[in-house]
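Student: Got a file for you: final_31.pdb, PDB, C-alpha atoms and all ligand atoms.
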```
ATOM      1  CA  MET A   1     -64.746 -63.456 -18.526
ATOM      2  CA  SER A   2     -62.282 -60.789 -17.491
ATOM      3  CA  ALA A   3     -62.827 -57.252 -16.531
ATOM      4  CA  THR A   4     -65.786 -55.515 -17.905
ATOM      5  CA  LYS A   5     -64.813 -53.467 -20.808
ATOM      6  CA  PRO A   6     -65.075 -49.804 -20.252
ATOM      7  CA  THR A   7     -67.892 -48.412 -22.153
ATOM      8  CA  THR A   8     -67.515 -44.909 -23.250
ATOM      9  CA  LYS A   9     -70.853 -43.382 -23.522
ATOM     10  CA  PRO A  10     -71.333 -40.824 -26.167
ATOM     11  CA  THR A  11     -72.180 -37.602 -24.519
ATOM     12  CA  GLN A  12     -75.863 -37.153 -24.574
ATOM     13  CA  PRO A  13     -77.533 -33.859 -24.307
ATOM     14  CA  PRO A  14     -79.599 -33.832 -21.166
ATOM     15  CA  LYS A  15     -83.101 -34.661 -22.112
ATOM     16  CA  ARG A  16     -85.846 -32.677 -20.667
ATOM     17  CA  GLY A  17     -88.233 -35.305 -19.502
ATOM     18  CA  LYS A  18     -91.348 -34.035 -21.019
ATOM     19  CA  ALA A  19     -92.331 -37.401 -22.389
ATOM     20  CA  LYS A  20     -92.120 -39.142 -19.043
ATOM     21  CA  GLY A  21     -95.280 -40.824 -17.981
ATOM     22  CA  LEU A  22     -95.391 -39.446 -14.494
ATOM     23  CA  ARG A  23     -98.367 -37.275 -15.085
ATOM     24  CA  PRO A  24    -100.769 -39.386 -17.045
ATOM     25  CA  LYS A  25    -102.872 -37.575 -19.518
ATOM     26  CA  HIS A  26    -106.534 -37.753 -18.879
ATOM     27  CA  VAL A  27    -107.660 -40.901 -20.596
ATOM     28  CA  PRO A  28    -111.378 -41.433 -20.418
ATOM     29  CA  GLN A  29    -111.967 -44.712 -18.681
ATOM     30  CA  ARG A  30    -114.714 -46.779 -20.097
ATOM     31  CA  THR A  31    -116.522 -49.343 -18.076
ATOM     32  CA  CYS A  32    -118.439 -52.218 -19.528
ATOM     33  CA  VAL A  33    -121.835 -52.114 -17.872
ATOM     34  CA  ALA A  34    -122.101 -55.894 -17.936
ATOM     35  CA  CYS A  35    -118.797 -57.055 -16.469
ATOM     36  CA  ARG A  36    -117.521 -53.771 -15.012
ATOM     37  CA  THR A  37    -114.218 -54.107 -16.781
ATOM     38  CA  THR A  38    -112.575 -50.786 -17.348
ATOM     39  CA  ASP A  39    -110.646 -50.623 -20.509
ATOM     40  CA  ALA A  40    -109.479 -47.710 -22.518
ATOM     41  CA  LYS A  41    -107.831 -49.538 -25.330
ATOM     42  CA  ARG A  42    -109.398 -52.887 -25.937
ATOM     43  CA  GLY A  43    -112.336 -51.451 -27.686
ATOM     44  CA  LEU A  44    -115.484 -51.124 -25.775
ATOM     45  CA  ILE A  45    -118.462 -50.372 -27.946
ATOM     46  CA  ARG A  46    -120.554 -47.381 -27.127
ATOM     47  CA  LEU A  47    -124.289 -47.428 -26.994
ATOM     48  CA  VAL A  48    -126.272 -44.283 -26.840
ATOM     49  CA  ARG A  49    -129.713 -43.412 -25.637
ATOM     50  CA  THR A  50    -131.683 -41.623 -28.286
ATOM     51  CA  GLY A  51    -134.150 -38.839 -27.746
ATOM     52  CA  GLU A  52    -136.951 -41.345 -28.094
ATOM     53  CA  GLY A  53    -135.682 -43.416 -25.218
ATOM     54  CA  ALA A  54    -134.310 -46.183 -27.380
ATOM     55  CA  VAL A  55    -130.808 -47.560 -27.363
ATOM     56  CA  GLU A  56    -128.662 -47.521 -30.443
ATOM     57  CA  VAL A  57    -125.179 -48.684 -31.141
ATOM     58  CA  ASP A  58    -122.748 -45.852 -31.633
ATOM     59  CA  PRO A  59    -119.728 -47.304 -33.402
ATOM     60  CA  THR A  60    -118.114 -43.901 -33.803
ATOM     61  CA  GLY A  61    -118.487 -43.111 -30.134
ATOM     62  CA  LYS A  62    -119.327 -39.549 -31.015
ATOM     63  CA  ARG A  63    -123.037 -39.286 -30.874
ATOM     64  CA  ALA A  64    -124.584 -36.962 -28.419
ATOM     65  CA  GLY A  65    -126.595 -38.378 -25.617
ATOM     66  CA  ARG A  66    -126.130 -40.507 -22.574
ATOM     67  CA  GLY A  67    -123.850 -43.355 -23.420
ATOM     68  CA  ALA A  68    -122.863 -46.677 -21.961
ATOM     69  CA  TYR A  69    -120.216 -49.151 -22.971
ATOM     70  CA  LEU A  70    -120.128 -52.843 -23.536
ATOM     71  CA  CYS A  71    -117.107 -54.994 -24.264
ATOM     72  CA  ALA A  72    -116.691 -56.241 -27.783
ATOM     73  CA  ARG A  73    -117.781 -59.663 -26.590
ATOM     74  CA  VAL A  74    -121.106 -61.300 -27.185
ATOM     75  CA  GLY A  75    -121.311 -62.467 -23.605
ATOM     76  CA  CYS A  76    -121.325 -58.924 -22.284
ATOM     77  CA  TRP A  77    -123.938 -57.863 -24.778
ATOM     78  CA  THR A  78    -126.404 -60.580 -23.959
ATOM     79  CA  ARG A  79    -125.776 -60.048 -20.280
ATOM     80  CA  GLY A  80    -126.059 -56.285 -20.487
ATOM     81  CA  ILE A  81    -129.237 -56.498 -22.500
ATOM     82  CA  ASN A  82    -130.945 -59.359 -20.730
ATOM     83  CA  GLU A  83    -129.954 -58.462 -17.206
ATOM     84  CA  ARG A  84    -130.937 -54.855 -17.725
ATOM     85  CA  THR A  85    -127.631 -53.437 -16.672
ATOM     86  CA  LEU A  86    -127.592 -51.570 -19.943
ATOM     87  CA  VAL A  87    -130.975 -49.933 -19.519
ATOM     88  CA  ARG A  88    -130.108 -49.023 -15.965
ATOM     89  CA  ALA A  89    -126.853 -47.457 -17.048
ATOM     90  CA  LEU A  90    -128.773 -45.399 -19.554
ATOM     91  CA  ARG A  91    -131.492 -44.536 -17.043
ATOM     92  CA  LEU A  92    -134.184 -46.120 -19.093
ATOM     93  CA  GLU A  93    -137.271 -47.920 -17.972
ATOM     94  CA  GLY A  94    -136.618 -50.767 -20.298
ATOM     95  CA  LEU A  95    -136.193 -51.754 -23.871
ATOM     96  CA  THR A  96    -138.915 -52.302 -26.359
ATOM     97  CA  GLU A  97    -138.960 -55.728 -27.915
ATOM     98  CA  ASP A  98    -137.845 -54.236 -31.205
ATOM     99  CA  ASN A  99    -135.000 -52.403 -29.602
ATOM    100  CA  ARG A 100    -133.859 -55.431 -27.679
ATOM    101  CA  ALA A 101    -134.020 -57.550 -30.799
ATOM    102  CA  ALA A 102    -132.025 -55.004 -32.770
ATOM    103  CA  LEU A 103    -129.304 -54.895 -30.156
ATOM    104  CA  LEU A 104    -129.103 -58.648 -29.878
ATOM    105  CA  LYS A 105    -128.983 -58.855 -33.634
ATOM    106  CA  TYR A 106    -126.138 -56.397 -33.720
ATOM    107  CA  ALA A 107    -124.303 -58.406 -31.093
ATOM    108  CA  ASP A 108    -124.893 -61.566 -33.021
ATOM    109  CA  GLU A 109    -123.695 -60.167 -36.302
ATOM    110  CA  ARG A 110    -121.025 -57.680 -35.368
ATOM    111  CA  VAL A 111    -119.626 -58.510 -31.983
ATOM    112  CA  PRO A 112    -117.012 -61.248 -31.812
ATOM    113  CA  GLU A 113    -117.553 -64.375 -29.787
ATOM    114  CA  ASP A 114    -115.946 -64.517 -26.407
ATOM    115  CA  GLU A 115    -112.356 -65.555 -26.597
ATOM    116  CA  ASP A 116    -110.775 -67.898 -24.164
ATOM    117  CA  GLU A 117    -108.539 -66.020 -21.896
TER     118      GLU A 117
HETATM  119 ZN    ZN A 201    -117.773 -56.617 -20.496
END
```
Output the file's structure in the form of structure tokens.
Ligand SMILES: [Zn+2]

Tutor:
Amino acid sequence: MSATKPTTKPTQPPKRGKAKGLRPKHVPQRTCVACRTTDAKRGLIRLVRTGEGAVEVDPTGKRAGRGAYLCARVGCWTRGINERTLVRALRLEGLTEDNRAALLKYADERVPEDEDE
């Protein structure tokens, strides 16, 4: 290895650093009500409190109403539902048996099993 070869850089126009990440855009942080993980990108699933005081899954994340998030993991769903963190997050008294069953069914059918991490 001898001397480093002189690299001639092509002249670059000075870039105005508008795309620099120094001022982060406001990204809504979502917190899983069961495990308290905040995650904007990994796909938390939104649940929404309906006018009747029930809880429904809101896959689009766009429904109006008080919402809460759960990770896309069965463990968080069963925990959130059974340990009442979900109803507390939604300021509900509790879930009806039907509602609880529907949510657990959704978790069972649509939410992936926990992965090993
Ligand atoms: Zn979670």

Student: Which of these residues is nearest to ligand ZN 201 (chain A), using all atoms listed in the file: A:Val74, A:Ala101, A:Leu47, A:Ala54?

Tutor: A:Val74

Student: Report the distance between atom CA of Gly80 of chain A and atom CA of Pro59 of chain A in Å, rounded to one decimal place.

Tutor: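 Computing the Euclidean distance for atom CA of Gly80 of chain A and atom CA of Pro59 of chain A yields 17.0 Å.
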
Student: Tell me which residues come within 12 Å of (-126.0, -53.2, -20.1), as a ChimeraX atom specification, counting all atoms listed in the file in the file's coordinates.

Tutor: /A:31-36,45-49,55,57,67-71,74-92,94-95,100,103-104

Student: Counting all atoms listed in the file, figure out which residue out of A:Asp108, A:Asp114, A:Asp98, A:Glu52 gets nearest to ligand ZN 201 (chain A).

Tutor: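 Under the stated criterion, the closest residue is A:Asp114.
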
Student: Rank nothing, just name the residue among A:Arg110, A:Lys25, A:Lys105, A:Arg73 nearest to ligand ZN 201 (chain A), using all atoms listed in the file.

Tutor: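 Of A:Arg110, A:Lys25, A:Lys105, A:Arg73, the one nearest ligand ZN 201 (chain A), counting all atoms listed in the file, is A:Arg73.
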